[in-house]
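Have a look at input_15.cif; it's mmCIF, C-alpha atoms and all ligand atoms:
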```cif
data_my_file
loop_
_atom_site.label_atom_id
_atom_site.label_comp_id
_atom_site.auth_asym_id
_atom_site.auth_seq_id
_atom_site.Cartn_x
_atom_site.Cartn_y
_atom_site.Cartn_z
CA MET F 1 3.39 -24.43 -57.74
CA ALA F 2 2.49 -21.29 -55.82
CA ILE F 3 -1.12 -20.93 -54.70
CA ARG F 4 -2.19 -17.34 -55.21
CA MET F 5 -5.13 -15.32 -53.91
CA LEU F 6 -6.30 -14.01 -57.26
CA ASP F 7 -5.40 -14.08 -60.94
CA ILE F 8 -7.62 -11.73 -62.91
CA ALA F 9 -6.07 -12.55 -66.30
CA ALA F 10 -6.73 -16.27 -65.73
CA GLN F 11 -10.25 -15.49 -64.52
CA LEU F 12 -11.04 -13.62 -67.74
CA ALA F 13 -9.24 -15.89 -70.21
CA PRO F 14 -12.25 -18.16 -70.95
CA ILE F 15 -14.44 -15.15 -71.88
CA GLN F 16 -11.78 -12.98 -73.53
CA ASP F 17 -13.47 -13.03 -76.94
CA GLN F 18 -16.83 -11.99 -75.51
CA LEU F 19 -15.24 -9.17 -73.51
CA GLU F 20 -13.36 -7.86 -76.50
CA ALA F 21 -16.49 -8.02 -78.67
CA ALA F 22 -18.46 -6.10 -76.04
CA ALA F 23 -15.78 -3.40 -75.79
CA THR F 24 -15.49 -3.13 -79.57
CA LYS F 25 -19.23 -2.65 -79.88
CA VAL F 26 -19.03 0.33 -77.53
CA LEU F 27 -15.99 1.79 -79.31
CA ARG F 28 -17.80 1.63 -82.64
CA ARG F 29 -20.95 3.17 -81.22
CA GLY F 30 -19.08 6.16 -79.84
CA GLN F 31 -21.29 6.70 -76.79
CA PHE F 32 -18.94 6.36 -73.83
CA ILE F 33 -20.49 7.74 -70.65
CA LEU F 34 -23.94 6.55 -69.60
CA GLY F 35 -25.97 4.98 -72.38
CA GLU F 36 -27.72 1.77 -73.35
CA GLU F 37 -25.13 -0.58 -71.80
CA VAL F 38 -25.35 1.21 -68.45
CA GLU F 39 -29.15 1.20 -68.61
CA SER F 40 -29.21 -2.52 -69.40
CA LEU F 41 -26.76 -3.31 -66.61
CA GLU F 42 -28.87 -1.26 -64.18
CA ARG F 43 -31.92 -3.29 -65.18
CA GLU F 44 -30.10 -6.61 -64.94
CA LEU F 45 -28.50 -5.91 -61.57
CA SER F 46 -31.63 -4.52 -59.98
CA GLU F 47 -33.40 -7.71 -61.01
CA TYR F 48 -30.50 -9.84 -59.73
CA CYS F 49 -30.40 -8.09 -56.37
CA GLY F 50 -34.17 -7.67 -55.99
CA THR F 51 -34.65 -3.90 -56.14
CA ARG F 52 -36.79 -1.71 -58.40
CA PHE F 53 -34.03 0.68 -59.45
CA ALA F 54 -30.27 0.94 -59.91
CA VAL F 55 -27.97 3.83 -60.71
CA GLY F 56 -24.51 3.20 -62.18
CA VAL F 57 -21.77 5.42 -60.75
CA ALA F 58 -17.99 5.76 -60.97
CA SER F 59 -16.92 3.53 -58.04
CA GLY F 60 -18.09 1.72 -54.93
CA THR F 61 -16.85 4.62 -52.83
CA ASP F 62 -18.95 7.04 -54.87
CA ALA F 63 -21.94 4.70 -54.61
CA LEU F 64 -21.72 5.01 -50.83
CA MET F 65 -21.21 8.76 -50.95
CA LEU F 66 -24.15 9.32 -53.29
CA ALA F 67 -26.38 6.99 -51.28
CA LEU F 68 -25.50 8.91 -48.11
CA ALA F 69 -26.02 12.27 -49.82
CA ALA F 70 -29.38 11.11 -51.22
CA SER F 71 -30.36 10.25 -47.64
CA GLY F 72 -29.64 13.76 -46.45
CA VAL F 73 -26.32 12.97 -44.76
CA GLY F 74 -24.08 16.03 -44.55
CA ARG F 75 -22.36 18.34 -42.11
CA GLY F 76 -23.56 17.70 -38.57
CA SER F 77 -25.00 14.24 -39.31
CA GLN F 78 -23.83 11.05 -37.66
CA VAL F 79 -23.65 7.70 -39.43
CA VAL F 80 -23.38 4.52 -37.39
CA THR F 81 -21.01 1.99 -38.91
CA THR F 82 -18.37 -0.66 -38.31
CA PRO F 83 -14.66 -0.05 -37.81
CA PHE F 84 -13.86 -3.46 -39.32
CA THR F 85 -14.15 -2.67 -43.02
CA TYR F 86 -12.31 -1.19 -45.96
CA VAL F 87 -11.57 2.49 -45.45
CA ALA F 88 -13.95 3.58 -48.24
CA THR F 89 -16.99 2.87 -46.07
CA VAL F 90 -15.92 5.58 -43.67
CA GLN F 91 -14.38 7.95 -46.18
CA ALA F 92 -17.75 8.21 -47.88
CA VAL F 93 -19.09 9.55 -44.58
CA THR F 94 -16.24 11.92 -43.74
CA HIS F 95 -16.06 13.34 -47.27
CA LEU F 96 -19.63 14.59 -46.83
CA GLY F 97 -18.60 16.36 -43.64
CA ALA F 98 -20.52 13.86 -41.50
CA GLU F 99 -19.22 11.94 -38.49
CA PRO F 100 -18.87 8.15 -38.33
CA VAL F 101 -19.94 6.58 -35.05
CA PHE F 102 -18.16 3.25 -34.74
CA VAL F 103 -19.70 0.31 -32.95
CA ASP F 104 -18.22 -3.12 -32.38
CA ILE F 105 -18.69 -6.21 -34.53
CA ASP F 106 -20.20 -9.62 -33.98
CA PRO F 107 -17.34 -12.01 -33.10
CA GLN F 108 -18.73 -14.75 -35.33
CA THR F 109 -19.74 -12.99 -38.54
CA PHE F 110 -17.39 -9.96 -38.20
CA CYS F 111 -20.30 -7.75 -39.30
CA ILE F 112 -21.74 -4.87 -37.26
CA ASP F 113 -23.31 -5.88 -33.93
CA ALA F 114 -26.92 -4.72 -34.08
CA GLU F 115 -27.26 -4.62 -30.28
CA GLN F 116 -24.49 -2.05 -30.11
CA VAL F 117 -26.11 0.07 -32.79
CA LYS F 118 -29.18 0.54 -30.60
CA ARG F 119 -27.02 2.06 -27.87
CA VAL F 120 -25.55 4.85 -29.96
CA VAL F 121 -28.42 5.98 -32.17
CA GLY F 122 -29.32 9.53 -31.23
CA ARG F 123 -30.75 12.80 -32.43
CA ARG F 124 -28.01 13.39 -35.01
CA THR F 125 -28.05 9.86 -36.45
CA LYS F 126 -29.12 10.09 -40.08
CA ALA F 127 -28.07 6.66 -41.33
CA ILE F 128 -26.89 3.20 -40.35
CA LEU F 129 -24.25 1.77 -42.65
CA PRO F 130 -23.72 -1.99 -42.18
CA VAL F 131 -21.09 -3.73 -44.31
CA HIS F 132 -21.76 -7.22 -45.66
CA LEU F 133 -18.19 -8.19 -44.94
CA PHE F 134 -16.31 -10.81 -46.94
CA GLY F 135 -19.53 -11.69 -48.81
CA GLN F 136 -21.96 -12.36 -45.98
CA CYS F 137 -24.88 -10.15 -44.96
CA ALA F 138 -25.00 -8.45 -41.58
CA GLU F 139 -28.02 -9.16 -39.34
CA MET F 140 -30.44 -6.71 -40.92
CA ASP F 141 -33.82 -7.09 -39.16
CA PRO F 142 -32.81 -5.36 -35.92
CA LEU F 143 -31.27 -2.54 -37.94
CA THR F 144 -34.23 -1.99 -40.25
CA ASP F 145 -36.67 -2.21 -37.29
CA LEU F 146 -34.69 0.37 -35.36
CA ALA F 147 -34.38 2.58 -38.42
CA ALA F 148 -38.13 2.45 -39.06
CA ARG F 149 -38.85 3.48 -35.48
CA ARG F 150 -36.36 6.34 -35.57
CA GLY F 151 -36.85 7.55 -39.13
CA ILE F 152 -33.27 6.70 -40.13
CA THR F 153 -31.98 5.40 -43.45
CA VAL F 154 -30.21 2.03 -43.74
CA ILE F 155 -27.55 1.83 -46.44
CA GLU F 156 -25.94 -1.55 -47.17
CA ASP F 157 -22.29 -1.56 -48.14
CA SER F 158 -22.54 -4.61 -50.40
CA ALA F 159 -19.22 -3.97 -52.17
CA GLN F 160 -18.06 -7.48 -51.23
CA ALA F 161 -21.41 -9.21 -51.34
CA VAL F 162 -23.02 -9.14 -54.78
CA GLY F 163 -25.38 -12.11 -54.93
CA ALA F 164 -25.34 -12.84 -51.19
CA THR F 165 -28.76 -13.50 -49.66
CA HIS F 166 -30.26 -13.01 -46.22
CA HIS F 167 -33.55 -14.74 -45.35
CA GLY F 168 -33.80 -15.41 -49.10
CA ARG F 169 -33.47 -11.75 -50.12
CA GLY F 170 -30.56 -10.27 -51.97
CA ALA F 171 -27.89 -7.96 -50.60
CA CYS F 172 -28.79 -4.38 -51.60
CA SER F 173 -32.52 -5.06 -51.25
CA LEU F 174 -32.56 -5.32 -47.45
CA GLY F 175 -32.20 -1.68 -46.43
CA HIS F 176 -33.29 1.54 -48.15
CA LEU F 177 -30.25 1.66 -50.43
CA GLY F 178 -27.49 -0.80 -51.33
CA CYS F 179 -24.07 -0.12 -52.83
CA LEU F 180 -21.93 -2.28 -55.10
CA SER F 181 -18.30 -1.96 -56.16
CA PHE F 182 -17.02 -3.25 -59.49
CA TYR F 183 -13.37 -2.83 -58.56
CA PRO F 184 -11.55 -5.49 -60.63
CA THR F 185 -10.83 -7.79 -57.66
CA LYS F 186 -14.49 -7.98 -56.63
CA ASN F 187 -16.66 -11.03 -57.43
CA LEU F 188 -18.21 -8.94 -60.20
CA GLY F 189 -15.24 -6.89 -61.34
CA ALA F 190 -14.95 -4.40 -64.20
CA CYS F 191 -11.86 -3.49 -66.25
CA GLY F 192 -11.49 -0.33 -64.20
CA ASP F 193 -13.48 1.46 -61.52
CA GLY F 194 -17.24 1.30 -61.27
CA GLY F 195 -20.06 1.09 -58.77
CA MET F 196 -23.83 1.09 -58.42
CA VAL F 197 -26.50 2.21 -55.98
CA LEU F 198 -29.62 0.05 -55.80
CA THR F 199 -32.92 1.01 -54.23
CA SER F 200 -36.63 0.39 -54.41
CA SER F 201 -37.46 3.95 -53.40
CA GLU F 202 -38.46 6.12 -56.33
CA GLU F 203 -37.58 9.25 -54.39
CA HIS F 204 -34.03 8.08 -53.72
CA TYR F 205 -33.70 6.88 -57.31
CA GLU F 206 -34.65 10.26 -58.77
CA LYS F 207 -32.24 12.02 -56.44
CA LEU F 208 -29.39 9.63 -57.28
CA ARG F 209 -29.86 10.16 -61.01
CA LEU F 210 -29.45 13.88 -60.48
CA LEU F 211 -26.61 13.58 -57.98
CA ARG F 212 -24.40 11.58 -60.36
CA VAL F 213 -24.52 14.34 -63.00
CA HIS F 214 -23.81 17.47 -60.94
CA GLY F 215 -27.44 17.73 -59.87
CA ARG F 216 -28.28 18.80 -63.38
CA THR F 217 -31.82 18.65 -64.72
CA ASP F 218 -32.34 19.66 -68.38
CA GLY F 219 -29.75 21.86 -70.04
CA TYR F 220 -27.62 23.95 -67.72
CA PHE F 221 -29.99 24.07 -64.79
CA TYR F 222 -29.13 22.49 -61.45
CA HIS F 223 -31.53 21.13 -58.94
CA LEU F 224 -29.04 19.74 -56.41
CA ASP F 225 -25.40 20.38 -55.58
CA GLY F 226 -24.24 17.09 -57.06
CA PHE F 227 -21.17 15.16 -58.14
CA ASN F 228 -19.54 13.94 -61.31
CA SER F 229 -19.87 10.20 -60.85
CA ARG F 230 -21.01 8.21 -63.85
CA LEU F 231 -20.46 4.66 -65.00
CA ASP F 232 -19.02 4.41 -68.47
CA GLU F 233 -20.27 2.25 -71.29
CA ILE F 234 -17.19 0.04 -71.68
CA GLN F 235 -17.33 -0.91 -68.00
CA ALA F 236 -21.05 -1.66 -68.26
CA ALA F 237 -20.64 -3.75 -71.43
CA PHE F 238 -17.77 -5.68 -69.80
CA LEU F 239 -19.81 -6.23 -66.63
CA ARG F 240 -22.82 -7.49 -68.59
CA VAL F 241 -20.64 -10.23 -70.07
CA ARG F 242 -19.24 -11.07 -66.64
CA MET F 243 -22.71 -11.23 -65.11
CA ARG F 244 -23.55 -14.24 -67.29
CA GLY F 245 -20.94 -16.22 -65.38
CA LEU F 246 -21.53 -14.74 -61.94
CA ALA F 247 -23.77 -17.48 -60.56
CA ASP F 248 -21.30 -20.21 -61.59
CA TYR F 249 -18.37 -18.23 -60.26
CA THR F 250 -20.14 -17.80 -56.92
CA ARG F 251 -20.98 -21.51 -56.76
CA ALA F 252 -17.33 -22.40 -57.37
CA ARG F 253 -16.27 -20.11 -54.50
CA GLN F 254 -18.90 -21.69 -52.27
CA ALA F 255 -17.69 -25.19 -53.19
CA ASN F 256 -14.11 -24.25 -52.26
CA ALA F 257 -15.36 -22.83 -48.96
CA ALA F 258 -17.34 -25.98 -48.19
CA LEU F 259 -14.26 -28.14 -48.78
CA TYR F 260 -12.13 -25.87 -46.56
CA ASN F 261 -14.78 -26.06 -43.83
CA GLU F 262 -14.68 -29.83 -43.95
CA LEU F 263 -10.89 -30.14 -44.03
CA LEU F 264 -10.11 -27.48 -41.43
CA ALA F 265 -12.77 -28.64 -38.97
CA GLY F 266 -11.32 -29.75 -35.69
CA ILE F 267 -7.86 -28.28 -36.13
CA PRO F 268 -7.09 -26.76 -32.75
CA GLY F 269 -6.20 -23.10 -33.18
CA VAL F 270 -8.43 -22.59 -36.23
CA ARG F 271 -12.02 -21.33 -36.46
CA THR F 272 -13.76 -21.56 -39.83
CA PRO F 273 -16.37 -18.98 -40.96
CA PHE F 274 -19.72 -18.98 -39.20
CA VAL F 275 -22.69 -18.69 -41.53
CA PRO F 276 -26.19 -18.59 -40.02
CA ALA F 277 -28.74 -20.78 -41.82
CA HIS F 278 -30.55 -17.73 -43.16
CA ASN F 279 -27.45 -16.44 -45.00
CA GLN F 280 -25.97 -17.44 -48.36
CA HIS F 281 -22.32 -16.38 -48.22
CA VAL F 282 -20.63 -15.56 -51.54
CA TYR F 283 -17.10 -15.79 -50.13
CA HIS F 284 -15.49 -12.72 -51.59
CA GLN F 285 -12.96 -13.77 -48.96
CA TYR F 286 -12.65 -17.00 -46.99
CA CYS F 287 -11.44 -15.83 -43.58
CA ILE F 288 -10.47 -18.01 -40.65
CA ILE F 289 -9.57 -17.02 -37.12
CA ALA F 290 -6.11 -18.42 -36.49
CA GLU F 291 -3.99 -18.62 -33.36
CA ARG F 292 -0.45 -17.39 -33.96
CA ARG F 293 -1.79 -15.90 -37.18
CA ASP F 294 1.41 -14.20 -38.33
CA ASP F 295 3.49 -17.34 -37.80
CA LEU F 296 0.94 -19.39 -39.73
CA ARG F 297 1.04 -16.85 -42.53
CA GLY F 298 4.83 -17.07 -42.70
CA TYR F 299 4.67 -20.88 -42.68
CA LEU F 300 2.17 -20.92 -45.56
CA LYS F 301 4.38 -18.49 -47.49
CA THR F 302 7.38 -20.83 -47.19
CA HIS F 303 5.14 -23.53 -48.67
CA GLY F 304 4.23 -21.29 -51.62
CA ILE F 305 0.77 -20.42 -50.31
CA ASP F 306 -0.39 -16.81 -50.33
CA SER F 307 -2.77 -15.42 -47.74
CA ALA F 308 -3.93 -11.94 -46.73
CA VAL F 309 -5.01 -9.99 -43.68
CA TYR F 310 -8.25 -8.02 -43.95
CA TYR F 311 -7.93 -5.87 -41.91
CA PRO F 312 -4.78 -5.48 -39.83
CA LEU F 313 -5.91 -2.34 -37.95
CA PRO F 314 -9.56 -1.40 -37.38
CA LEU F 315 -10.44 2.03 -38.68
CA HIS F 316 -11.06 3.65 -35.27
CA GLN F 317 -7.40 2.92 -34.45
CA GLN F 318 -6.08 4.43 -37.66
CA ARG F 319 -4.34 7.75 -37.15
CA ILE F 320 -6.73 9.55 -39.52
CA TYR F 321 -9.79 8.52 -37.48
CA GLN F 322 -8.52 8.73 -33.94
CA ARG F 323 -10.27 12.09 -33.63
CA PHE F 324 -13.58 10.22 -33.38
CA ARG F 325 -12.47 8.88 -29.99
CA SER F 326 -14.04 5.44 -30.17
CA ARG F 327 -13.53 3.11 -27.22
CA GLY F 328 -14.47 -0.42 -26.25
CA LEU F 329 -14.35 -1.88 -29.76
CA THR F 330 -12.50 -4.89 -28.45
CA VAL F 331 -13.97 -7.53 -30.74
CA ALA F 332 -12.83 -5.63 -33.82
CA GLU F 333 -9.40 -5.13 -32.28
CA ARG F 334 -9.05 -8.79 -31.32
CA THR F 335 -10.32 -9.98 -34.69
CA SER F 336 -7.79 -7.89 -36.60
CA GLN F 337 -5.01 -9.76 -34.79
CA ALA F 338 -6.28 -13.23 -35.67
CA ILE F 339 -8.05 -13.04 -39.02
CA LEU F 340 -6.53 -14.63 -42.09
CA ALA F 341 -7.89 -14.91 -45.64
CA LEU F 342 -6.96 -18.12 -47.48
CA PRO F 343 -6.93 -18.48 -51.27
CA ILE F 344 -10.41 -19.23 -52.56
CA ALA F 345 -10.69 -17.73 -56.06
CA PRO F 346 -11.63 -20.60 -58.40
CA GLU F 347 -9.10 -19.55 -61.06
CA CYS F 348 -6.34 -20.11 -58.46
CA VAL F 349 -7.75 -22.87 -56.29
CA ASN F 350 -9.24 -26.23 -57.26
CA ASP F 351 -10.03 -29.13 -54.90
CA ASP F 352 -6.41 -30.25 -54.88
CA ALA F 353 -5.18 -26.78 -54.00
CA VAL F 354 -7.72 -26.49 -51.17
CA ARG F 355 -6.45 -29.83 -49.89
CA SER F 356 -2.84 -28.60 -50.05
CA VAL F 357 -3.67 -25.41 -48.15
CA ALA F 358 -5.67 -27.27 -45.50
CA GLU F 359 -2.88 -29.82 -45.13
CA ALA F 360 -0.32 -27.06 -44.62
CA VAL F 361 -2.53 -25.41 -41.98
CA ARG F 362 -2.91 -28.73 -40.17
CA ALA F 363 0.84 -29.38 -40.34
CA PHE F 364 1.58 -25.93 -38.88
CA TYR F 365 -0.53 -26.61 -35.79
CA GLN F 366 0.95 -30.08 -35.35
CA LYS F 367 4.51 -28.73 -35.30
C1 LIG W 401 -16.42 -2.92 -48.02
C2 LIG W 401 -16.03 -2.01 -49.14
N1 LIG W 401 -16.64 -0.82 -49.25
C3 LIG W 401 -16.35 0.02 -50.25
C4 LIG W 401 -15.41 -0.29 -51.21
C5 LIG W 401 -15.07 0.74 -52.22
O1 LIG W 401 -15.25 0.35 -53.52
P1 LIG W 401 -14.39 1.01 -54.71
O2 LIG W 401 -12.99 0.52 -54.58
O3 LIG W 401 -15.08 0.53 -55.94
O4 LIG W 401 -14.48 2.49 -54.56
C6 LIG W 401 -14.77 -1.54 -51.14
C7 LIG W 401 -13.79 -2.01 -52.11
O5 LIG W 401 -12.91 -1.48 -52.63
C8 LIG W 401 -15.07 -2.41 -50.07
O6 LIG W 401 -14.46 -3.59 -49.95
#
```
Any chance you could give the structure as structure tokens?
Ligand SMILES: Cc1ncc(COP(=O)(O)O)c(C=O)c1O
Amino acid sequence: MAIRMLDIAAQLAPIQDQLEAAATKVLRRGQFILGEEVESLERELSEYCGTRFAVGVASGTDALMLALAASGVGRGSQVVTTPFTYVATVQAVTHLGAEPVFVDIDPQTFCIDAEQVKRVVGRRTKAILPVHLFGQCAEMDPLTDLAARRGITVIEDSAQAVGATHHGRGACSLGHLGCLSFYPTKNLGACGDGGMVLTSSEEHYEKLRLLRVHGRTDGYFYHLDGFNSRLDEIQAAFLRVRMRGLADYTRARQANAALYNELLAGIPGVRTPFVPAHNQHVYHQYCIIAERRDDLRGYLKTHGIDSAVYYPLPLHQQRIYQRFRSRGLTVAERTSQAILALPIAPECVNDDAVRSVAEAVRAFYQK
């Protein structure tokens, strides 16, 4: 039997009836874009993440773009971020005409290295954009301290980290604004695109509500030059059903990770994820550092085990971003050569499957 990374149909099968009932309710009501489901989801997720407000938008990418725009990021601004992330983090910056300033990552958590951020913050820096990569929060205190001193906004890219905590506080509640993605493969996935910006700042909240509807106030009057980026009711209704199972789903991922950690410990050539005591990791991905990574990947494949590489080339080395002339990001470059995501989704991997994967990894290094 093949061991796959993800199987969305299998993930949804146990709640199919509830999902269909939720969608039918919306279809019968006839209110499709923004409405009571979106408002309820905003309330539920702001409570879950620990913020006062939430604003549903059309995708995680848009959530980032609107959060940046609400923070005054635009042409001429710089945003400090990590090159070791999904491209959307940076596209949200460039699409506003702003410039990403890449700094290196921490070799253990793969998240942005706060020490490096301090070195590049300057007059044009408007925001710091850490990414809670793979489901674990970046070290936030040095970033929020620095931001407070310099009058800069901190925006958390929490697309992969819904439910993660840091010093007991939820992802999205640690900076000024936090962004979620509901892309179907995420831990809280919709049946299409969707995203959300969370904040406890009333000023940002009011701006975001305008920005998602063209900057429109009442009638055909416009207060800001906004966007069309709204969450629709079917997505929100679907997500509200999925939220009921989110805590259990997260626990099952964490249990798989704990078993991997135990079984992979001590295999020469393998390093399991590092999680500081003050972090609760939600394991959107379970990523190891593996010597001879590509050979291991091929070996697993011949044994019917899928794996994935996030990310094979850091963003500063991508052709589209070479114009930003970033140098010295050696940890990100090294990490991209050795990182490997193993199957962890509970619908694909039970204890026995984790044992099979770990056994195959061990056998590869004993060859
Ligand atoms: C770290 C990160 N940021 C942003 C996004 C963008 O989210 P979306 O695909 O919903 O636009 C994603 C996922 O796709 C992501 O993994």
Any residue with an atom at most 10 Å from ligand LIG 401 (chain W) counts, using only C-alpha atoms and all ligand atoms. Which are they? Put them as a ChimeraX atom specification.
/F:57-65,84-92,130-135,156-161,179-186,189-190,192-196,284,310
Output C-alpha atoms for every residue in that selection, as a short mmCIF file (atom, residue, chain, number, x, y, z; two decimals), keeping the file's coordinate frame.
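Okay, this is what ended up in result11.cif:
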```
data_model
loop_
_atom_site.label_atom_id
_atom_site.label_comp_id
_atom_site.auth_asym_id
_atom_site.auth_seq_id
_atom_site.Cartn_x
_atom_site.Cartn_y
_atom_site.Cartn_z
CA VAL F 57 -21.77 5.42 -60.75
CA ALA F 58 -17.99 5.76 -60.97
CA SER F 59 -16.92 3.53 -58.04
CA GLY F 60 -18.09 1.72 -54.93
CA THR F 61 -16.85 4.62 -52.83
CA ASP F 62 -18.95 7.04 -54.87
CA ALA F 63 -21.94 4.70 -54.61
CA LEU F 64 -21.72 5.01 -50.83
CA MET F 65 -21.21 8.76 -50.95
CA PHE F 84 -13.86 -3.46 -39.32
CA THR F 85 -14.15 -2.67 -43.02
CA TYR F 86 -12.31 -1.19 -45.96
CA VAL F 87 -11.57 2.49 -45.45
CA ALA F 88 -13.95 3.58 -48.24
CA THR F 89 -16.99 2.87 -46.07
CA VAL F 90 -15.92 5.58 -43.67
CA GLN F 91 -14.38 7.95 -46.18
CA ALA F 92 -17.75 8.21 -47.88
CA PRO F 130 -23.72 -1.99 -42.18
CA VAL F 131 -21.09 -3.73 -44.31
CA HIS F 132 -21.76 -7.22 -45.66
CA LEU F 133 -18.19 -8.19 -44.94
CA PHE F 134 -16.31 -10.81 -46.94
CA GLY F 135 -19.53 -11.69 -48.81
CA GLU F 156 -25.94 -1.55 -47.17
CA ASP F 157 -22.29 -1.56 -48.14
CA SER F 158 -22.54 -4.61 -50.40
CA ALA F 159 -19.22 -3.97 -52.17
CA GLN F 160 -18.06 -7.48 -51.23
CA ALA F 161 -21.41 -9.21 -51.34
CA CYS F 179 -24.07 -0.12 -52.83
CA LEU F 180 -21.93 -2.28 -55.10
CA SER F 181 -18.30 -1.96 -56.16
CA PHE F 182 -17.02 -3.25 -59.49
CA TYR F 183 -13.37 -2.83 -58.56
CA PRO F 184 -11.55 -5.49 -60.63
CA THR F 185 -10.83 -7.79 -57.66
CA LYS F 186 -14.49 -7.98 -56.63
CA GLY F 189 -15.24 -6.89 -61.34
CA ALA F 190 -14.95 -4.40 -64.20
CA GLY F 192 -11.49 -0.33 -64.20
CA ASP F 193 -13.48 1.46 -61.52
CA GLY F 194 -17.24 1.30 -61.27
CA GLY F 195 -20.06 1.09 -58.77
CA MET F 196 -23.83 1.09 -58.42
CA HIS F 284 -15.49 -12.72 -51.59
CA TYR F 310 -8.25 -8.02 -43.95
#
```
Nearest to Phe274 in chain F among F:Leu27, F:Ala147, F:Cys111, F:Leu329, with distances taken over all atoms listed in the file: which residue is it?
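When distances to Phe274 in chain F are compared using all atoms listed in the file, the smallest one comes from F:Cys111.
Of the residues listed (F:His167, F:Ile105, F:Leu68, F:His214), F:Leu68 shows the shortest atom-to-atom separation from Ile128 in chain F; distances use only C-alpha atoms.
Nearest residue to Ser71 in chain F, choosing from F:Ala2, F:Ile289, F:Ile152, F:Leu296 and counting only C-alpha atoms: F:Ile152.
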Shell around range 222-232 of chain F at 6 Å using all atoms listed in the file, local window under 5 positions removed, as a list in words:
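Once the nearby chain positions are removed, what remains is Phe32, Ile33, Leu34, Gly56, Val57, Ala58, Gly194, Leu211, Arg212, Val213, His214, Gly215, Arg216 and Thr217 of chain F.
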May I ask which of the residues F:Leu177, F:Ala258, F:Leu188, F:Leu6 is the closest one to Ala236 in chain F, counting only C-alpha atoms?
F:Leu188
